file structure-v1.cif (mmCIF, C-alpha atoms and all ligand atoms)
data_protein
#
loop_
_atom_site.group_PDB
_atom_site.id
_atom_site.type_symbol
_atom_site.label_atom_id
_atom_site.label_comp_id
_atom_site.auth_asym_id
_atom_site.auth_seq_id
_atom_site.Cartn_x
_atom_site.Cartn_y
_atom_site.Cartn_z
ATOM 1 C CA MET A 217 38.440 -2.068 17.538
ATOM 2 C CA ALA A 218 40.805 -0.225 15.206
ATOM 3 C CA SER A 219 44.500 -0.383 15.816
ATOM 4 C CA VAL A 220 46.197 2.975 15.260
ATOM 5 C CA ASP A 221 49.664 2.173 16.500
ATOM 6 C CA LEU A 222 51.450 -0.834 17.936
ATOM 7 C CA GLU A 223 50.892 0.604 21.363
ATOM 8 C CA LEU A 224 47.842 2.757 20.897
ATOM 9 C CA THR A 225 44.479 1.062 20.450
ATOM 10 C CA THR A 226 41.125 2.784 20.418
ATOM 11 C CA PHE A 227 37.896 1.506 21.881
ATOM 12 C CA VAL A 228 34.382 2.806 22.442
ATOM 13 C CA THR A 229 33.430 3.659 26.022
ATOM 14 C CA ARG A 230 30.120 2.649 27.583
ATOM 15 C CA LYS A 231 28.789 6.109 26.755
ATOM 16 C CA GLY A 232 29.833 5.819 23.106
ATOM 17 C CA ALA A 233 32.885 8.077 23.334
ATOM 18 C CA THR A 234 36.310 7.176 21.983
ATOM 19 C CA GLY A 235 38.855 5.857 24.429
ATOM 20 C CA ILE A 236 42.452 4.719 24.043
ATOM 21 C CA LEU A 237 44.219 1.746 25.483
ATOM 22 C CA LEU A 238 47.789 2.478 26.396
ATOM 23 C CA GLN A 239 50.234 0.122 28.129
ATOM 24 C CA GLY A 240 47.325 -1.854 29.578
ATOM 25 C CA PHE A 241 45.409 1.158 30.894
ATOM 26 C CA LYS A 242 42.243 2.686 29.520
ATOM 27 C CA PHE A 243 41.986 6.431 28.924
ATOM 28 C CA ARG A 244 39.012 8.557 27.994
ATOM 29 C CA LYS A 245 39.029 11.915 26.259
ATOM 30 C CA ASP A 246 39.413 14.817 28.664
ATOM 31 C CA HIS A 247 39.701 17.770 26.338
ATOM 32 C CA GLN A 248 40.924 18.598 22.902
ATOM 33 C CA THR A 249 42.864 21.521 21.419
ATOM 34 C CA SER A 250 43.557 22.224 17.742
ATOM 35 C CA VAL A 251 46.790 20.213 17.907
ATOM 36 C CA SER A 252 46.413 17.660 20.670
ATOM 37 C CA ILE A 253 44.016 15.554 22.716
ATOM 38 C CA ASN A 254 44.326 15.254 26.463
ATOM 39 C CA TRP A 255 43.306 11.919 27.940
ATOM 40 C CA ARG A 256 42.570 10.861 31.484
ATOM 41 C CA CYS A 257 42.531 7.426 33.015
ATOM 42 C CA CYS A 258 39.101 5.746 32.954
ATOM 43 C CA ASN A 259 39.487 4.897 36.626
ATOM 44 C CA PRO A 260 37.752 7.839 38.336
ATOM 45 C CA LYS A 261 40.042 7.565 41.384
ATOM 46 C CA CYS A 262 43.199 7.782 39.288
ATOM 47 C CA LYS A 263 44.816 11.048 38.263
ATOM 48 C CA ALA A 264 46.932 9.664 35.395
ATOM 49 C CA ARG A 265 46.856 11.774 32.221
ATOM 50 C CA CYS A 266 48.466 11.602 28.809
ATOM 51 C CA LYS A 267 48.450 13.495 25.535
ATOM 52 C CA THR A 268 48.321 12.456 21.902
ATOM 53 C CA ASP A 269 48.386 14.369 18.653
ATOM 54 C CA ILE A 270 45.006 15.227 17.161
ATOM 55 C CA GLU A 271 45.024 12.163 14.880
ATOM 56 C CA MET A 272 45.744 9.830 17.803
ATOM 57 C CA LYS A 273 48.814 8.502 15.992
ATOM 58 C CA GLN A 274 51.453 9.520 18.484
ATOM 59 C CA ILE A 275 51.736 9.917 22.205
ATOM 60 C CA THR A 276 53.041 13.422 22.739
ATOM 61 C CA SER A 277 53.134 13.206 26.508
ATOM 62 C CA GLN A 278 53.610 9.871 28.274
ATOM 63 C CA PRO A 279 51.054 8.950 30.930
ATOM 64 C CA SER A 280 51.718 9.944 34.514
ATOM 65 C CA GLU A 281 51.698 7.226 37.158
ATOM 66 C CA HIS A 282 48.558 5.210 37.927
ATOM 67 C CA ASN A 283 47.503 4.335 41.471
ATOM 68 C CA HIS A 284 45.994 0.961 40.486
ATOM 69 C CA PRO A 285 47.021 -2.194 38.584
ATOM 70 C CA LYS A 286 46.693 -2.638 34.799
ATOM 71 C CA CYS A 287 43.482 -3.929 33.279
ATOM 72 C CA ASP A 288 43.426 -7.659 32.794
ATOM 73 C CA SER A 289 43.562 -8.394 29.049
ATOM 74 C CA ARG A 290 40.743 -10.937 29.238
ATOM 75 C CA GLU A 291 38.566 -8.403 31.010
ATOM 76 C CA LEU A 292 39.374 -5.813 28.325
ATOM 77 C CA ASP A 293 38.430 -8.223 25.537
ATOM 78 C CA LEU A 294 35.234 -9.134 27.333
ATOM 79 C CA ASN A 295 34.356 -5.458 27.766
ATOM 80 C CA ASP A 296 34.938 -4.962 24.077
ATOM 81 C CA VAL A 297 32.610 -7.833 23.174
ATOM 82 C CA ARG A 298 30.043 -6.612 25.686
ATOM 83 C CA SER A 299 29.953 -3.081 24.222
ATOM 84 C CA ALA A 300 29.682 -4.469 20.691
ATOM 85 C CA CYS A 301 26.704 -6.609 21.778
ATOM 86 C CA LYS A 302 25.034 -3.675 23.519
ATOM 87 C CA ARG A 303 25.429 -1.444 20.478
ATOM 88 C CA LYS A 304 23.986 -4.130 18.226
ATOM 89 C CA ALA A 305 21.115 -4.766 20.646
ATOM 90 C CA VAL A 306 20.052 -1.134 20.333
ATOM 91 C CA ASP A 307 20.732 -0.824 16.589
ATOM 92 C CA GLN A 308 18.748 -3.998 15.885
ATOM 93 C CA PRO A 309 16.062 -4.054 18.570
ATOM 94 C CA THR A 310 14.314 -7.115 17.137
ATOM 95 C CA ALA A 311 17.398 -9.310 16.710
ATOM 96 C CA ARG A 312 17.525 -12.227 19.142
ATOM 97 C CA ALA A 313 19.948 -11.719 22.019
ATOM 98 C CA SER A 314 21.356 -15.224 21.562
ATOM 99 C CA LYS A 315 22.128 -14.512 17.919
ATOM 100 C CA ILE A 316 23.889 -11.244 18.730
ATOM 101 C CA ILE A 317 25.955 -12.967 21.403
ATOM 102 C CA CYS A 318 26.875 -15.844 19.072
ATOM 103 C CA THR A 319 28.030 -13.498 16.307
ATOM 104 C CA GLU A 320 29.974 -11.171 18.566
ATOM 105 C CA THR A 321 31.661 -13.809 20.718
ATOM 106 C CA LYS A 322 33.009 -15.790 17.761
ATOM 107 C CA ARG A 323 36.222 -13.783 17.796
ATOM 108 C CA PHE A 324 36.575 -14.137 21.553
ATOM 109 C CA GLN A 325 38.323 -17.364 22.497
ATOM 110 C CA ASN A 326 37.863 -17.709 26.222
ATOM 111 C CA ILE A 327 34.154 -17.016 26.568
ATOM 112 C CA THR A 328 32.403 -18.897 29.390
ATOM 113 C CA ILE A 329 28.728 -19.637 29.968
ATOM 114 C CA LYS A 330 28.846 -17.183 32.874
ATOM 115 C CA ASP A 331 30.138 -14.434 30.538
ATOM 116 C CA MET A 332 27.343 -15.170 28.063
ATOM 117 C CA HIS A 333 24.723 -14.869 30.802
ATOM 118 C CA SER A 334 26.222 -11.606 31.936
ATOM 119 C CA ILE A 335 26.284 -10.239 28.355
ATOM 120 C CA ALA A 336 22.668 -11.363 27.859
ATOM 121 C CA ASN A 337 21.731 -9.406 30.995
ATOM 122 C CA SER A 338 23.511 -6.333 29.647
ATOM 123 C CA ILE A 339 21.543 -6.660 26.408
ATOM 124 C CA TYR A 340 18.223 -6.878 28.274
ATOM 125 C CA ARG A 341 19.126 -3.893 30.463
ATOM 126 C CA GLU A 342 20.168 -1.873 27.401
ATOM 127 C CA ARG A 343 16.923 -2.701 25.582
ATOM 128 C CA ALA A 344 14.826 -1.997 28.653
ATOM 129 C CA LYS A 345 16.092 1.591 28.454
ATOM 130 C CA LEU A 346 14.337 1.905 25.064
ATOM 131 C CA MET A 347 10.992 0.983 26.589
ATOM 132 C CA PRO A 348 8.663 3.429 28.303
ATOM 133 C CA ASN A 349 8.334 3.141 32.095
ATOM 134 C CA LEU A 350 5.516 0.940 33.296
ATOM 135 C CA PRO A 351 2.433 3.093 33.866
ATOM 136 C CA LYS A 352 1.694 3.719 37.549
ATOM 137 C CA GLU A 353 -1.665 5.413 37.049
ATOM 138 C CA ARG A 354 -4.240 5.547 34.269
ATOM 139 C CA ALA A 355 -3.151 8.931 32.951
ATOM 140 C CA ASP A 356 0.358 7.546 32.329
ATOM 141 C CA ILE A 357 -1.051 5.206 29.704
ATOM 142 C CA PHE A 358 -2.358 8.132 27.674
ATOM 143 C CA ARG A 359 0.903 10.026 28.040
ATOM 144 C CA VAL A 360 2.781 6.984 26.695
ATOM 145 C CA LEU A 361 0.347 6.609 23.793
ATOM 146 C CA GLU A 362 0.759 10.268 22.889
ATOM 147 C CA THR A 363 4.526 9.866 22.787
ATOM 148 C CA TYR A 364 4.509 6.646 20.821
ATOM 149 C CA LEU A 365 1.683 7.411 18.415
ATOM 150 C CA PRO A 366 2.348 10.832 16.934
ATOM 151 C CA GLU A 367 -0.510 12.497 15.083
ATOM 152 C CA GLU A 368 0.980 11.870 11.662
ATOM 153 C CA SER A 369 1.301 8.169 12.440
ATOM 154 C CA ASN A 370 -0.902 5.829 10.412
ATOM 155 C CA LEU A 371 -1.404 3.594 13.397
ATOM 156 C CA SER A 372 -4.496 3.983 15.484
ATOM 157 C CA VAL A 373 -5.499 2.640 18.857
ATOM 158 C CA LEU A 374 -8.958 2.610 20.330
ATOM 159 C CA VAL A 375 -8.820 4.076 23.843
ATOM 160 C CA ASN A 376 -11.350 5.260 26.378
ATOM 161 C CA ASP A 377 -11.668 8.938 27.067
ATOM 162 C CA PRO A 378 -8.878 9.741 29.545
ATOM 163 C CA ASP A 379 -11.212 11.853 31.692
ATOM 164 C CA ILE A 380 -13.692 9.115 32.345
HETATM 165 ZN ZN ZN B 401 44.812 4.979 36.121
#
call {"tool": "encode", "arguments": {"input": "structure-v1.cif", "output": "structure tokens"}}
result
Amino acid sequence: MASVDLELTTFVTRKGATGILLQGFKFRKDHQTSVSINWRCCNPKCKARCKTDIEMKQITSQPSEHNHPKCDSRELDLNDVRSACKRKAVDQPTARASKIICTETKRFQNITIKDMHSIANSIYRERAKLMPNLPKERADIFRVLETYLPEESNLSVLVNDPDI
């Protein structure tokens, strides 16, 4: 989490895009011109927008009114820790979930056991996305093997003829 301004903080959204935190509200990038970036509130039901300069150093147009309360700061911190854990879980697929959680939650003061369980679940869900779907029929197994063992791979697996 890099601080750009006293008021303007950036974060990474669940989809890996840059977002800004402004006056307790989260904004995601809407569109960008050569001189400015337009942001919209992360709450899909809210129409609040704001504008910054291209370097995200200054707010060039203050946000319009939100139709919902501010984000709770604890929730924001937890989200931040959760996204860091999820990124790490994918970048280091063999690292133990407990280790990732321990490292990432060190800087977070108010972590509870419940939060840790919920982060662990997020890690498992994120890693499950990297895995192929469970085969439903025999032919699926061969399709998976073809994807995961390209021809130039040095690995080999002994399989039955798929047509038998
Ligand atoms: Zn809003």
call {"tool": "closest_atom_pairs", "arguments": {"input": "structure-v1.cif", "of": "chain A", "to": "ligand ZN 401 (chain B)", "cutoff": "6 Å", "atoms": "all atoms listed in the file", "output": "tab-separated table"}}
result
residue	atom	partner	partner_atom	distance
A:Cys257	CA	B:ZN401	ZN	4.6
A:Asn259	CA	B:ZN401	ZN	5.3
A:Cys262	CA	B:ZN401	ZN	4.5
A:Ala264	CA	B:ZN401	ZN	5.2
A:His282	CA	B:ZN401	ZN	4.2
call {"tool": "atom_distance", "arguments": {"input": "structure-v1.cif", "atom1": "atom CA of A:Ile339", "atom2": "atom CA of A:Thr229"}}
result
15.7 Å
call {"tool": "residues_around", "arguments": {"input": "structure-v1.cif", "residues": "A:Asp307", "least_positions_apart": "3", "cutoff": "12 Å", "atoms": "only C-alpha atoms", "output": "PyMOL selection string"}}
result
chain A and resi 300-304+310-311+316+339+342-343+346
call {"tool": "residues_near_point", "arguments": {"input": "structure-v1.cif", "point": "(39.6, -5.0, 25.7)", "cutoff": "12 Å", "atoms": "all atoms listed in the file", "output": "PyMOL selection string"}}
result
chain A and resi 217-219+225-229+235-238+240-242+286-300+324
call {"tool": "residues_around", "arguments": {"input": "structure-v1.cif", "residues": "stretch 268-275 of chain A", "least_positions_apart": "6", "cutoff": "9 Å", "atoms": "all atoms listed in the file", "output": "compact mmCIF listing (two decimals) with C-alpha atoms, keeping the file's coordinate frame"}}
result
# COMPACT_ATOMS: atom_id res chain seq x y z
CA VAL A 220 46.20 2.98 15.26
CA ASP A 221 49.66 2.17 16.50
CA LEU A 224 47.84 2.76 20.90
CA THR A 226 41.12 2.78 20.42
CA ILE A 236 42.45 4.72 24.04
CA GLN A 248 40.92 18.60 22.90
CA THR A 249 42.86 21.52 21.42
CA SER A 250 43.56 22.22 17.74
CA VAL A 251 46.79 20.21 17.91
CA SER A 252 46.41 17.66 20.67
CA ILE A 253 44.02 15.55 22.72
CA ASN A 254 44.33 15.25 26.46
CA TRP A 255 43.31 11.92 27.94
call {"tool": "resolve_selection", "arguments": {"input": "structure-v1.cif", "expression": "the PyMOL selection byres (((chain A and resi 361) around 12) and not hetatm)", "output": "ChimeraX atom specification"}}
result
/A:348,351,354-360,362-367,369,371-375,378
call {"tool": "atom_distance", "arguments": {"input": "structure-v1.cif", "atom1": "atom CA of A:Phe243", "atom2": "atom CA of A:Lys322"}}
result
26.4 Å
call {"tool": "atom_distance", "arguments": {"input": "structure-v1.cif", "atom1": "atom CA of A:Ala313", "atom2": "atom CA of A:Met332"}}
result
10.2 Å
call {"tool": "residues_near_point", "arguments": {"input": "structure-v1.cif", "point": "(55.6, 9.7, 39.6)", "cutoff": "12 Å", "atoms": "only C-alpha atoms", "output": "list in words"}}
result
Lys263, Ala264, Arg265, Gln278, Pro279, Ser280, Glu281, His282 and Asn283 of chain A
call {"tool": "closest_residue", "arguments": {"input": "structure-v1.cif", "among": "A:Lys231, A:Arg244, A:Arg312, A:Lys352", "to": "A:Cys266", "atoms": "all atoms listed in the file"}}
result
A:Arg244
call {"tool": "closest_residue", "arguments": {"input": "structure-v1.cif", "among": "A:Lys267, A:Asp331, A:Arg341, A:Gly232", "to": "A:Asp246", "atoms": "only C-alpha atoms"}}
result
A:Lys267
call {"tool": "closest_residue", "arguments": {"input": "structure-v1.cif", "among": "A:Ile329, A:Cys258, A:Cys318, A:Ala305", "to": "A:Ala344", "atoms": "all atoms listed in the file"}}
result
A:Ala305
call {"tool": "axis_aligned_box", "arguments": {"input": "structure-v1.cif", "around": "stretch 279-283 of chain A", "padding_each_side": "6 Å", "output": "AutoDock Vina command-line options"}}
result
--center_x 49.6 --center_y 7.1 --center_z 36.2 --size_x 16.2 --size_y 17.6 --size_z 22.5
call {"tool": "decode", "arguments": {"input": "structure-v1.cif", "residues": "stretch 231-321 of chain A", "atoms": "C-alpha atoms", "output": "compact mmCIF listing (two decimals), in the first residue's frame"}}
result
# COMPACT_ATOMS: atom_id res chain seq x y z
CA LYS A 231 -9.04 -8.04 -9.93
CA GLY A 232 -5.52 -6.61 -9.65
CA ALA A 233 -6.38 -3.09 -10.82
CA THR A 234 -5.31 0.07 -9.03
CA GLY A 235 -7.84 1.73 -6.78
CA ILE A 236 -7.72 4.84 -4.62
CA LEU A 237 -8.96 5.43 -1.13
CA LEU A 238 -10.36 8.88 -0.64
CA GLN A 239 -12.04 10.24 2.50
CA GLY A 240 -12.89 6.70 3.59
CA PHE A 241 -14.36 5.59 0.26
CA LYS A 242 -12.84 3.25 -2.29
CA PHE A 243 -12.70 4.20 -5.96
CA ARG A 244 -11.72 2.15 -8.98
CA LYS A 245 -10.44 3.42 -12.30
CA ASP A 246 -13.22 4.28 -14.72
CA HIS A 247 -11.33 5.77 -17.63
CA GLN A 248 -8.19 7.67 -18.33
CA THR A 249 -7.32 10.58 -20.63
CA SER A 250 -3.86 11.98 -21.40
CA VAL A 251 -4.13 14.41 -18.48
CA SER A 252 -6.49 12.90 -15.94
CA ILE A 253 -7.97 9.72 -14.51
CA ASN A 254 -11.66 9.37 -13.81
CA TRP A 255 -12.57 7.21 -10.84
CA ARG A 256 -15.85 5.69 -9.75
CA CYS A 257 -16.92 4.41 -6.38
CA CYS A 258 -16.26 0.69 -5.86
CA ASN A 259 -19.81 0.26 -4.62
CA PRO A 260 -21.68 -0.75 -7.79
CA LYS A 261 -24.90 0.88 -6.56
CA CYS A 262 -23.22 4.23 -5.97
CA LYS A 263 -22.81 6.87 -8.65
CA ALA A 264 -20.04 8.88 -6.93
CA ARG A 265 -17.17 9.90 -9.23
CA CYS A 266 -13.97 11.86 -8.86
CA LYS A 267 -10.98 12.88 -10.94
CA THR A 268 -7.26 12.98 -10.32
CA ASP A 269 -4.30 14.08 -12.39
CA ILE A 270 -2.56 11.36 -14.38
CA GLU A 271 0.07 10.81 -11.67
CA MET A 272 -2.59 10.37 -8.98
CA LYS A 273 -0.99 13.14 -6.93
CA GLN A 274 -3.87 15.57 -6.86
CA ILE A 275 -7.62 15.41 -6.83
CA THR A 276 -8.73 17.60 -9.70
CA SER A 277 -12.43 17.08 -9.14
CA GLN A 278 -13.80 16.29 -5.68
CA PRO A 279 -16.01 13.21 -5.37
CA SER A 280 -19.75 13.61 -5.79
CA GLU A 281 -22.01 12.40 -2.99
CA HIS A 282 -22.16 8.73 -1.99
CA ASN A 283 -25.42 6.96 -1.18
CA HIS A 284 -23.85 4.68 1.46
CA PRO A 285 -21.69 5.00 4.60
CA LYS A 286 -17.87 5.11 4.59
CA CYS A 287 -15.84 1.92 4.69
CA ASP A 288 -14.89 0.83 8.16
CA SER A 289 -11.12 1.29 8.57
CA ARG A 290 -10.66 -2.15 10.13
CA GLU A 291 -12.49 -3.72 7.21
CA LEU A 292 -10.26 -1.80 4.77
CA ASP A 293 -7.10 -2.99 6.52
CA LEU A 294 -8.39 -6.54 6.55
CA ASN A 295 -9.19 -6.35 2.83
CA ASP A 296 -5.68 -5.11 2.22
CA VAL A 297 -4.17 -8.03 4.14
CA ARG A 298 -6.51 -10.46 2.41
CA SER A 299 -5.50 -9.29 -1.09
CA ALA A 300 -1.82 -9.44 -0.16
CA CYS A 301 -2.28 -13.04 1.03
CA LYS A 302 -4.18 -14.00 -2.11
CA ARG A 303 -1.51 -12.53 -4.36
CA LYS A 304 1.21 -14.36 -2.46
CA ALA A 305 -0.77 -17.61 -2.54
CA VAL A 306 -0.81 -17.49 -6.33
CA ASP A 307 2.77 -16.21 -6.74
CA GLN A 308 4.09 -18.92 -4.41
CA PRO A 309 1.75 -21.87 -4.96
CA THR A 310 3.75 -24.21 -2.73
CA ALA A 311 4.10 -21.89 0.27
CA ARG A 312 2.06 -22.98 3.28
CA ALA A 313 -1.11 -20.96 3.80
CA SER A 314 -0.37 -20.60 7.52
CA LYS A 315 3.04 -19.13 6.77
CA ILE A 316 1.63 -16.62 4.29
CA ILE A 317 -1.02 -15.57 6.79
CA CYS A 318 1.54 -15.21 9.60
CA THR A 319 3.83 -13.03 7.49
CA GLU A 320 1.09 -10.83 6.09
CA THR A 321 -0.88 -10.33 9.29
